[in-house]
Amino acid sequence: MALNAITPSVPGTRILGLGHYQPANVITNDDLVARGVDTSDEWIRSRVGIVERRYADPDETIVDMAEHASSKALAAAGVGPDAVDLVIVATCTMTTPVPAAAPELAARLGIDAPGAYDLNTGCSGWVYAINAASAAVLTGQAQNVLVVASERFSGWLDFSDRSTCIILADGAGAAVVGAADEPAIGPIVWGSDGAQVRNVIIDEQTRYFQQEGQAVYRWATSQMPAIAQEACRRAGVDAADIAAFVPHQANLRMVEAIARKLALPNAIVARDVQVSGNTSAATIPLALSKMVERGEIPSGAPVLLLGFGSGLAYASQVVLAP
């Protein structure tokens, strides 16, 4: 016997609303120096472009931050908890592998018995999750999907390693994905280079985040522009059509190097890393939500997303701004 096939049930999907959250604790470069990090404000600014970042309170969790961001996204989308039937949390910094964050988040928000799971592809996680959400809605498996990225790196930092501790931070970003009359979430271009998996890790013994920064920089700046260009091609948009480019906020030098190679003549480029640091999966929704909130991206304008990092996994797609 044959099983019933899943066929598309709606013409398209779109991001209905966005939200973001950052902890109250602002950590400047001088604050890191005061903590004993062998660095300086000038050294950090010149190498990674970061001026400040946020750290969660000691008792502030990944789910806490996700809840704040999700509440804003649901309000912006005009979607109540009773209309959400799938919750996806992209994160790589849960302190324990079980339980996942998504079921707890759903319960806190009053979402009754949804599908709920965590997704871990590191810094590309939110783009992977947006694609998964879109596919669920397209195939009738969900009506509205809450997609959240929440990361708490302040608990994984080695403050004797100035190459990593100056970069990472905490925060969350969220979106609600639902049906649309026309496609507003483009085809994804994704992949990975597992031969380089050890270039970005949390060490099993020390429990500290570690990375081979120069190797990742060379990989990202040489390989990722072509991935982003392919995402534009698959979405049927030209470089001149892109209103905003929101790549993973790894560091400012990397963001600007990739943007130069893409040569998007009319795009505003996200540079949220300067004030938020690198929050892994949360960097893209954090930056995008802020840009939309400030009115920098018109509703319906094409936005190019590009996530890349640990794995080494990557993902890119074009979406229309809510």
# chains A, B, ... in the order shown; residues from 1 in each chain; ligands from 1
call {"tool": "residues_around", "arguments": {"residues": "Ala101 in chain A", "least_positions_apart": "6", "cutoff": "10 Å", "atoms": "only C-alpha atoms", "output": "compact mmCIF listing (two decimals) with C-alpha atoms, in the first residue's frame"}}
result
# COMPACT_ATOMS: atom_id res chain seq x y z
CA THR A 61 18.13 31.45 31.06
CA ILE A 62 17.87 30.76 27.36
CA VAL A 63 14.13 30.16 27.80
CA ASP A 64 13.74 33.44 29.71
CA ALA A 66 13.34 33.42 24.24
CA VAL A 87 7.61 26.00 18.12
CA ILE A 88 11.23 25.75 16.96
CA VAL A 89 14.11 27.03 19.08
CA ALA A 90 17.53 27.43 17.46
CA THR A 91 20.26 27.31 20.09
CA MET A 94 21.78 24.96 26.40
CA ALA A 116 8.13 21.63 19.74
CA TYR A 117 11.81 20.98 19.15
CA ASP A 118 15.26 22.53 19.36
CA LEU A 119 17.54 22.87 16.35
CA SER A 150 18.24 32.26 21.90
call {"tool": "select_by_dssp", "arguments": {"residues": "range 6-200 of chain A", "states": "strand (DSSP E or B)", "output": "ChimeraX atom specification"}}
result
/A:12-21,25-28,52-55,86-90,115-119,145-152,168,170-180,185,189-192,200
call {"tool": "closest_residue", "arguments": {"among": "A:Glu151, A:Asp158, A:Glu104, A:Asp193", "to": "Gln223 in chain A", "atoms": "only C-alpha atoms"}}
result
A:Asp193
call {"tool": "closest_residue", "arguments": {"among": "A:Thr221, A:Asn131, A:Ser289, A:Gln205", "to": "Tyr21 in chain A", "atoms": "only C-alpha atoms"}}
result
A:Ser289
call {"tool": "closest_atom_pairs", "arguments": {"of": "range 34-112 of chain A", "to": "range 173-188 of chain A", "cutoff": "8 Å", "atoms": "only C-alpha atoms", "output": "Markdown table"}}
result
| residue | atom | partner | partner_atom | distance |
| --- | --- | --- | --- | --- |
| A:Ala66 | CA | A:Gly173 | CA | 7.2 |
| A:Ala69 | CA | A:Gly173 | CA | 5.5 |
| A:Ser70 | CA | A:Ala174 | CA | 5.4 |
| A:Ala73 | CA | A:Ala175 | CA | 5.4 |
| A:Leu74 | CA | A:Val176 | CA | 6.5 |
| A:Ala77 | CA | A:Val176 | CA | 6.6 |
call {"tool": "residues_around", "arguments": {"residues": "Ala142 in chain A", "least_positions_apart": "2", "cutoff": "12 Å", "atoms": "only C-alpha atoms", "output": "PDB file with N, CA and C atoms, in the first residue's frame"}}
result
ATOM      1  N   PRO A   8       1.380  20.720  -1.207  1.00  0.00           N
ATOM      2  CA  PRO A   8       1.276  22.095  -0.711  1.00  0.00           C
ATOM      3  C   PRO A   8      -0.180  22.487  -0.453  1.00  0.00           C
ATOM      4  N   SER A   9      -0.411  23.124   0.694  1.00  0.00           N
ATOM      5  CA  SER A   9      -1.775  23.487   1.074  1.00  0.00           C
ATOM      6  C   SER A   9      -2.029  24.982   1.011  1.00  0.00           C
ATOM      7  N   VAL A  10      -0.967  25.792   0.868  1.00  0.00           N
ATOM      8  CA  VAL A  10      -1.107  27.250   0.768  1.00  0.00           C
ATOM      9  C   VAL A  10      -0.187  27.746  -0.342  1.00  0.00           C
ATOM     10  N   THR A  13       4.411  31.346   2.023  1.00  0.00           N
ATOM     11  CA  THR A  13       4.580  31.648   3.446  1.00  0.00           C
ATOM     12  C   THR A  13       5.300  32.980   3.588  1.00  0.00           C
ATOM     13  N   ALA A  83      -3.182  30.135  18.206  1.00  0.00           N
ATOM     14  CA  ALA A  83      -3.057  29.932  16.756  1.00  0.00           C
ATOM     15  C   ALA A  83      -1.688  29.390  16.357  1.00  0.00           C
ATOM     16  N   VAL A  84      -0.823  29.122  17.330  1.00  0.00           N
ATOM     17  CA  VAL A  84       0.515  28.583  17.054  1.00  0.00           C
ATOM     18  C   VAL A  84       0.493  27.074  17.312  1.00  0.00           C
ATOM     19  N   ASP A  85       0.952  26.307  16.346  1.00  0.00           N
ATOM     20  CA  ASP A  85       0.948  24.858  16.543  1.00  0.00           C
ATOM     21  C   ASP A  85       2.313  24.202  16.340  1.00  0.00           C
ATOM     22  N   LEU A  86       3.355  25.022  16.201  1.00  0.00           N
ATOM     23  CA  LEU A  86       4.714  24.492  16.138  1.00  0.00           C
ATOM     24  C   LEU A  86       5.668  25.543  16.682  1.00  0.00           C
ATOM     25  N   VAL A  87       6.594  25.105  17.540  1.00  0.00           N
ATOM     26  CA  VAL A  87       7.605  25.997  18.120  1.00  0.00           C
ATOM     27  C   VAL A  87       8.975  25.393  17.851  1.00  0.00           C
ATOM     28  N   ILE A  88       9.855  26.186  17.246  1.00  0.00           N
ATOM     29  CA  ILE A  88      11.227  25.752  16.960  1.00  0.00           C
ATOM     30  C   ILE A  88      12.183  26.724  17.635  1.00  0.00           C
ATOM     31  N   PRO A 114       1.759  22.138  21.250  1.00  0.00           N
ATOM     32  CA  PRO A 114       2.290  22.262  19.892  1.00  0.00           C
ATOM     33  C   PRO A 114       3.369  21.226  19.617  1.00  0.00           C
ATOM     34  N   GLY A 115       3.690  21.023  18.342  1.00  0.00           N
ATOM     35  CA  GLY A 115       4.967  20.402  18.040  1.00  0.00           C
ATOM     36  C   GLY A 115       6.054  21.325  18.570  1.00  0.00           C
ATOM     37  N   ALA A 116       7.112  20.774  19.132  1.00  0.00           N
ATOM     38  CA  ALA A 116       8.132  21.632  19.741  1.00  0.00           C
ATOM     39  C   ALA A 116       9.478  20.918  19.725  1.00  0.00           C
ATOM     40  N   ALA A 132      12.528  25.430   7.949  1.00  0.00           N
ATOM     41  CA  ALA A 132      11.720  24.327   8.474  1.00  0.00           C
ATOM     42  C   ALA A 132      10.292  24.786   8.766  1.00  0.00           C
ATOM     43  N   ALA A 133      10.161  25.983   9.308  1.00  0.00           N
ATOM     44  CA  ALA A 133       8.839  26.533   9.605  1.00  0.00           C
ATOM     45  C   ALA A 133       8.038  26.748   8.332  1.00  0.00           C
ATOM     46  N   SER A 134       8.688  27.313   7.324  1.00  0.00           N
ATOM     47  CA  SER A 134       8.024  27.562   6.051  1.00  0.00           C
ATOM     48  C   SER A 134       7.534  26.252   5.431  1.00  0.00           C
ATOM     49  N   ALA A 135       8.374  25.233   5.472  1.00  0.00           N
ATOM     50  CA  ALA A 135       7.990  23.935   4.906  1.00  0.00           C
ATOM     51  C   ALA A 135       6.798  23.337   5.648  1.00  0.00           C
ATOM     52  N   ALA A 136       6.760  23.507   6.967  1.00  0.00           N
ATOM     53  CA  ALA A 136       5.653  22.969   7.756  1.00  0.00           C
ATOM     54  C   ALA A 136       4.336  23.639   7.388  1.00  0.00           C
ATOM     55  N   VAL A 137       4.377  24.954   7.182  1.00  0.00           N
ATOM     56  CA  VAL A 137       3.153  25.673   6.809  1.00  0.00           C
ATOM     57  C   VAL A 137       2.743  25.323   5.379  1.00  0.00           C
ATOM     58  N   LEU A 138       3.708  25.285   4.469  1.00  0.00           N
ATOM     59  CA  LEU A 138       3.399  24.979   3.074  1.00  0.00           C
ATOM     60  C   LEU A 138       2.717  23.628   2.915  1.00  0.00           C
ATOM     61  N   THR A 139       3.131  22.666   3.710  1.00  0.00           N
ATOM     62  CA  THR A 139       2.608  21.308   3.572  1.00  0.00           C
ATOM     63  C   THR A 139       1.427  21.027   4.493  1.00  0.00           C
ATOM     64  N   GLY A 140       0.926  22.074   5.166  1.00  0.00           N
ATOM     65  CA  GLY A 140      -0.246  21.894   6.000  1.00  0.00           C
ATOM     66  C   GLY A 140       0.018  21.225   7.328  1.00  0.00           C
ATOM     67  N   ASN A 144       0.639  28.297  12.071  1.00  0.00           N
ATOM     68  CA  ASN A 144       1.590  29.350  12.404  1.00  0.00           C
ATOM     69  C   ASN A 144       2.724  28.744  13.219  1.00  0.00           C
ATOM     70  N   VAL A 145       3.940  29.150  12.921  1.00  0.00           N
ATOM     71  CA  VAL A 145       5.111  28.591  13.585  1.00  0.00           C
ATOM     72  C   VAL A 145       5.888  29.714  14.270  1.00  0.00           C
ATOM     73  N   LEU A 146       6.217  29.495  15.531  1.00  0.00           N
ATOM     74  CA  LEU A 146       7.088  30.411  16.262  1.00  0.00           C
ATOM     75  C   LEU A 146       8.524  29.924  16.118  1.00  0.00           C
ATOM     76  N   VAL A 176       7.348  34.937  13.726  1.00  0.00           N
ATOM     77  CA  VAL A 176       6.193  34.075  13.495  1.00  0.00           C
ATOM     78  C   VAL A 176       6.065  33.882  11.993  1.00  0.00           C
ATOM     79  N   VAL A 177       6.006  32.643  11.561  1.00  0.00           N
ATOM     80  CA  VAL A 177       5.873  32.297  10.149  1.00  0.00           C
ATOM     81  C   VAL A 177       4.481  31.728   9.910  1.00  0.00           C
ATOM     82  N   GLY A 178       3.803  32.258   8.889  1.00  0.00           N
ATOM     83  CA  GLY A 178       2.470  31.781   8.560  1.00  0.00           C
ATOM     84  C   GLY A 178       2.221  31.809   7.071  1.00  0.00           C
ATOM     85  N   ALA A 179       0.981  31.532   6.677  1.00  0.00           N
ATOM     86  CA  ALA A 179       0.615  31.439   5.270  1.00  0.00           C
ATOM     87  C   ALA A 179       0.567  32.812   4.621  1.00  0.00           C
TER      88      ALA A 179
END
call {"tool": "select_by_dssp", "arguments": {"residues": "range 43-281 of chain A", "states": "alpha helix (DSSP H)", "output": "MDAnalysis selection string"}}
result
chainID A and resid 43:48 62:77 101:109 125:138 162:165 213:235 252:262 273:276
call {"tool": "closest_residue", "arguments": {"among": "A:Val51, A:Met291, A:Ala220, A:Val275", "to": "Ala257 in chain A", "atoms": "only C-alpha atoms"}}
result
A:Ala220
call {"tool": "atom_distance", "arguments": {"atom1": "CA of Ser192 in chain A", "atom2": "CA of Tyr314 in chain A"}}
result
6.0 Å
call {"tool": "residues_around", "arguments": {"residues": "Trp190 in chain A", "least_positions_apart": "2", "cutoff": "10 Å", "atoms": "only C-alpha atoms", "output": "mmCIF file with C-alpha atoms, in the first residue's frame"}}
result
data_model
loop_
_atom_site.group_PDB
_atom_site.id
_atom_site.type_symbol
_atom_site.label_atom_id
_atom_site.label_comp_id
_atom_site.auth_asym_id
_atom_site.auth_seq_id
_atom_site.Cartn_x
_atom_site.Cartn_y
_atom_site.Cartn_z
ATOM 1 C CA SER A 124 23.117 29.360 10.869
ATOM 2 C CA VAL A 127 17.848 30.469 8.901
ATOM 3 C CA TYR A 128 17.571 26.669 9.026
ATOM 4 C CA PRO A 187 14.216 28.830 -1.445
ATOM 5 C CA ILE A 188 17.069 28.041 0.907
ATOM 6 C CA SER A 192 28.131 22.179 5.476
ATOM 7 C CA ILE A 227 26.086 30.972 -1.379
ATOM 8 C CA ALA A 228 24.281 34.299 -0.905
ATOM 9 C CA ALA A 231 20.004 32.332 -2.790
ATOM 10 C CA LEU A 306 23.125 34.539 5.408
ATOM 11 C CA GLY A 307 23.997 32.324 8.358
ATOM 12 C CA PHE A 308 27.321 30.529 8.746
ATOM 13 C CA ALA A 313 27.198 24.793 8.425
ATOM 14 C CA TYR A 314 25.674 27.571 6.353
ATOM 15 C CA ALA A 315 22.308 28.682 5.011
ATOM 16 C CA SER A 316 21.038 31.614 2.949
ATOM 17 C CA GLN A 317 17.657 32.732 1.648
#
call {"tool": "residues_around", "arguments": {"residues": "range 235-242 of chain A", "least_positions_apart": "3", "cutoff": "9 Å", "atoms": "only C-alpha atoms", "output": "count of residues only"}}
result
23
call {"tool": "decode", "arguments": {"residues": "range 11-115 of chain A", "atoms": "C-alpha atoms", "output": "PDB file, in the first residue's frame"}}
result
ATOM      1  CA  PRO A  11       0.347  29.406  -2.042  1.00  0.00           C
ATOM      2  CA  GLY A  12       3.230  30.699   0.032  1.00  0.00           C
ATOM      3  CA  THR A  13       4.580  31.648   3.446  1.00  0.00           C
ATOM      4  CA  ARG A  14       5.902  34.815   5.042  1.00  0.00           C
ATOM      5  CA  ILE A  15       7.337  36.220   8.233  1.00  0.00           C
ATOM      6  CA  LEU A  16       4.340  37.796   9.973  1.00  0.00           C
ATOM      7  CA  GLY A  17       6.155  39.522  12.824  1.00  0.00           C
ATOM      8  CA  LEU A  18       9.512  39.846  14.561  1.00  0.00           C
ATOM      9  CA  GLY A  19      10.729  40.398  18.096  1.00  0.00           C
ATOM     10  CA  HIS A  20      14.020  40.588  19.948  1.00  0.00           C
ATOM     11  CA  TYR A  21      15.419  40.711  23.462  1.00  0.00           C
ATOM     12  CA  GLN A  22      18.775  41.561  25.009  1.00  0.00           C
ATOM     13  CA  PRO A  23      19.729  41.358  28.675  1.00  0.00           C
ATOM     14  CA  ALA A  24      20.113  44.596  30.629  1.00  0.00           C
ATOM     15  CA  ASN A  25      23.792  44.085  31.450  1.00  0.00           C
ATOM     16  CA  VAL A  26      25.881  46.128  28.990  1.00  0.00           C
ATOM     17  CA  ILE A  27      29.502  44.990  28.917  1.00  0.00           C
ATOM     18  CA  THR A  28      31.879  47.461  27.303  1.00  0.00           C
ATOM     19  CA  ASN A  29      35.361  46.685  26.087  1.00  0.00           C
ATOM     20  CA  ASP A  30      36.759  48.531  29.117  1.00  0.00           C
ATOM     21  CA  ASP A  31      34.634  46.291  31.348  1.00  0.00           C
ATOM     22  CA  LEU A  32      36.413  43.253  29.881  1.00  0.00           C
ATOM     23  CA  VAL A  33      39.765  44.867  30.603  1.00  0.00           C
ATOM     24  CA  ALA A  34      38.611  45.443  34.182  1.00  0.00           C
ATOM     25  CA  ARG A  35      37.781  41.708  34.393  1.00  0.00           C
ATOM     26  CA  GLY A  36      41.418  40.941  33.623  1.00  0.00           C
ATOM     27  CA  VAL A  37      41.206  40.240  29.889  1.00  0.00           C
ATOM     28  CA  ASP A  38      44.540  41.052  28.226  1.00  0.00           C
ATOM     29  CA  THR A  39      43.153  43.504  25.667  1.00  0.00           C
ATOM     30  CA  SER A  40      42.076  47.105  25.161  1.00  0.00           C
ATOM     31  CA  ASP A  41      39.165  49.023  23.725  1.00  0.00           C
ATOM     32  CA  GLU A  42      41.270  50.021  20.704  1.00  0.00           C
ATOM     33  CA  TRP A  43      42.446  46.431  20.102  1.00  0.00           C
ATOM     34  CA  ILE A  44      38.893  45.052  20.096  1.00  0.00           C
ATOM     35  CA  ARG A  45      37.438  47.821  17.927  1.00  0.00           C
ATOM     36  CA  SER A  46      40.209  47.541  15.349  1.00  0.00           C
ATOM     37  CA  ARG A  47      40.034  43.762  15.028  1.00  0.00           C
ATOM     38  CA  VAL A  48      36.367  42.823  15.386  1.00  0.00           C
ATOM     39  CA  GLY A  49      34.522  46.156  15.465  1.00  0.00           C
ATOM     40  CA  ILE A  50      32.674  45.467  18.716  1.00  0.00           C
ATOM     41  CA  VAL A  51      32.051  48.345  21.119  1.00  0.00           C
ATOM     42  CA  GLU A  52      29.792  46.594  23.632  1.00  0.00           C
ATOM     43  CA  ARG A  53      27.789  43.437  24.177  1.00  0.00           C
ATOM     44  CA  ARG A  54      25.147  42.102  26.621  1.00  0.00           C
ATOM     45  CA  TYR A  55      25.420  39.383  29.270  1.00  0.00           C
ATOM     46  CA  ALA A  56      22.470  37.685  30.937  1.00  0.00           C
ATOM     47  CA  ASP A  57      21.987  37.818  34.687  1.00  0.00           C
ATOM     48  CA  PRO A  58      23.257  34.696  36.498  1.00  0.00           C
ATOM     49  CA  ASP A  59      19.712  33.339  36.829  1.00  0.00           C
ATOM     50  CA  GLU A  60      18.523  34.452  33.366  1.00  0.00           C
ATOM     51  CA  THR A  61      18.125  31.454  31.059  1.00  0.00           C
ATOM     52  CA  ILE A  62      17.866  30.763  27.357  1.00  0.00           C
ATOM     53  CA  VAL A  63      14.134  30.163  27.796  1.00  0.00           C
ATOM     54  CA  ASP A  64      13.742  33.443  29.709  1.00  0.00           C
ATOM     55  CA  MET A  65      15.280  35.401  26.845  1.00  0.00           C
ATOM     56  CA  ALA A  66      13.344  33.425  24.237  1.00  0.00           C
ATOM     57  CA  GLU A  67      10.091  34.181  26.052  1.00  0.00           C
ATOM     58  CA  HIS A  68      10.682  37.945  25.892  1.00  0.00           C
ATOM     59  CA  ALA A  69      11.553  37.879  22.189  1.00  0.00           C
ATOM     60  CA  SER A  70       8.658  35.540  21.368  1.00  0.00           C
ATOM     61  CA  SER A  71       6.082  37.704  23.123  1.00  0.00           C
ATOM     62  CA  LYS A  72       7.147  40.660  21.008  1.00  0.00           C
ATOM     63  CA  ALA A  73       7.038  38.612  17.799  1.00  0.00           C
ATOM     64  CA  LEU A  74       3.566  37.261  18.514  1.00  0.00           C
ATOM     65  CA  ALA A  75       2.295  40.770  19.266  1.00  0.00           C
ATOM     66  CA  ALA A  76       3.881  42.168  16.095  1.00  0.00           C
ATOM     67  CA  ALA A  77       2.324  39.369  14.040  1.00  0.00           C
ATOM     68  CA  GLY A  78      -1.103  39.743  15.647  1.00  0.00           C
ATOM     69  CA  VAL A  79      -1.094  36.001  16.326  1.00  0.00           C
ATOM     70  CA  GLY A  80      -2.332  34.617  19.637  1.00  0.00           C
ATOM     71  CA  PRO A  81      -0.834  31.595  21.390  1.00  0.00           C
ATOM     72  CA  ASP A  82      -3.894  29.543  20.462  1.00  0.00           C
ATOM     73  CA  ALA A  83      -3.057  29.932  16.756  1.00  0.00           C
ATOM     74  CA  VAL A  84       0.515  28.583  17.054  1.00  0.00           C
ATOM     75  CA  ASP A  85       0.948  24.858  16.543  1.00  0.00           C
ATOM     76  CA  LEU A  86       4.714  24.492  16.138  1.00  0.00           C
ATOM     77  CA  VAL A  87       7.605  25.997  18.120  1.00  0.00           C
ATOM     78  CA  ILE A  88      11.227  25.752  16.960  1.00  0.00           C
ATOM     79  CA  VAL A  89      14.111  27.035  19.076  1.00  0.00           C
ATOM     80  CA  ALA A  90      17.532  27.434  17.457  1.00  0.00           C
ATOM     81  CA  THR A  91      20.257  27.311  20.087  1.00  0.00           C
ATOM     82  CA  CYS A  92      23.682  25.808  20.706  1.00  0.00           C
ATOM     83  CA  THR A  93      24.229  26.967  24.296  1.00  0.00           C
ATOM     84  CA  MET A  94      21.776  24.957  26.403  1.00  0.00           C
ATOM     85  CA  THR A  95      23.590  23.850  29.547  1.00  0.00           C
ATOM     86  CA  THR A  96      22.113  20.342  29.269  1.00  0.00           C
ATOM     87  CA  PRO A  97      20.906  18.429  26.199  1.00  0.00           C
ATOM     88  CA  VAL A  98      17.652  17.332  27.873  1.00  0.00           C
ATOM     89  CA  PRO A  99      15.068  18.773  28.155  1.00  0.00           C
ATOM     90  CA  ALA A 100      14.833  20.930  25.051  1.00  0.00           C
ATOM     91  CA  ALA A 101      13.965  24.618  25.358  1.00  0.00           C
ATOM     92  CA  ALA A 102      11.008  24.590  22.944  1.00  0.00           C
ATOM     93  CA  PRO A 103       8.413  22.674  25.026  1.00  0.00           C
ATOM     94  CA  GLU A 104       9.095  24.804  28.104  1.00  0.00           C
ATOM     95  CA  LEU A 105       8.907  27.990  26.046  1.00  0.00           C
ATOM     96  CA  ALA A 106       5.588  26.932  24.544  1.00  0.00           C
ATOM     97  CA  ALA A 107       4.119  26.215  27.979  1.00  0.00           C
ATOM     98  CA  ARG A 108       5.208  29.594  29.312  1.00  0.00           C
ATOM     99  CA  LEU A 109       3.597  31.369  26.369  1.00  0.00           C
ATOM    100  CA  GLY A 110       0.327  29.472  26.769  1.00  0.00           C
ATOM    101  CA  ILE A 111       0.702  27.556  23.499  1.00  0.00           C
ATOM    102  CA  ASP A 112      -1.257  24.344  24.023  1.00  0.00           C
ATOM    103  CA  ALA A 113       0.303  21.039  22.908  1.00  0.00           C
ATOM    104  CA  PRO A 114       2.290  22.262  19.892  1.00  0.00           C
ATOM    105  CA  GLY A 115       4.967  20.402  18.040  1.00  0.00           C
TER     106      GLY A 115
END
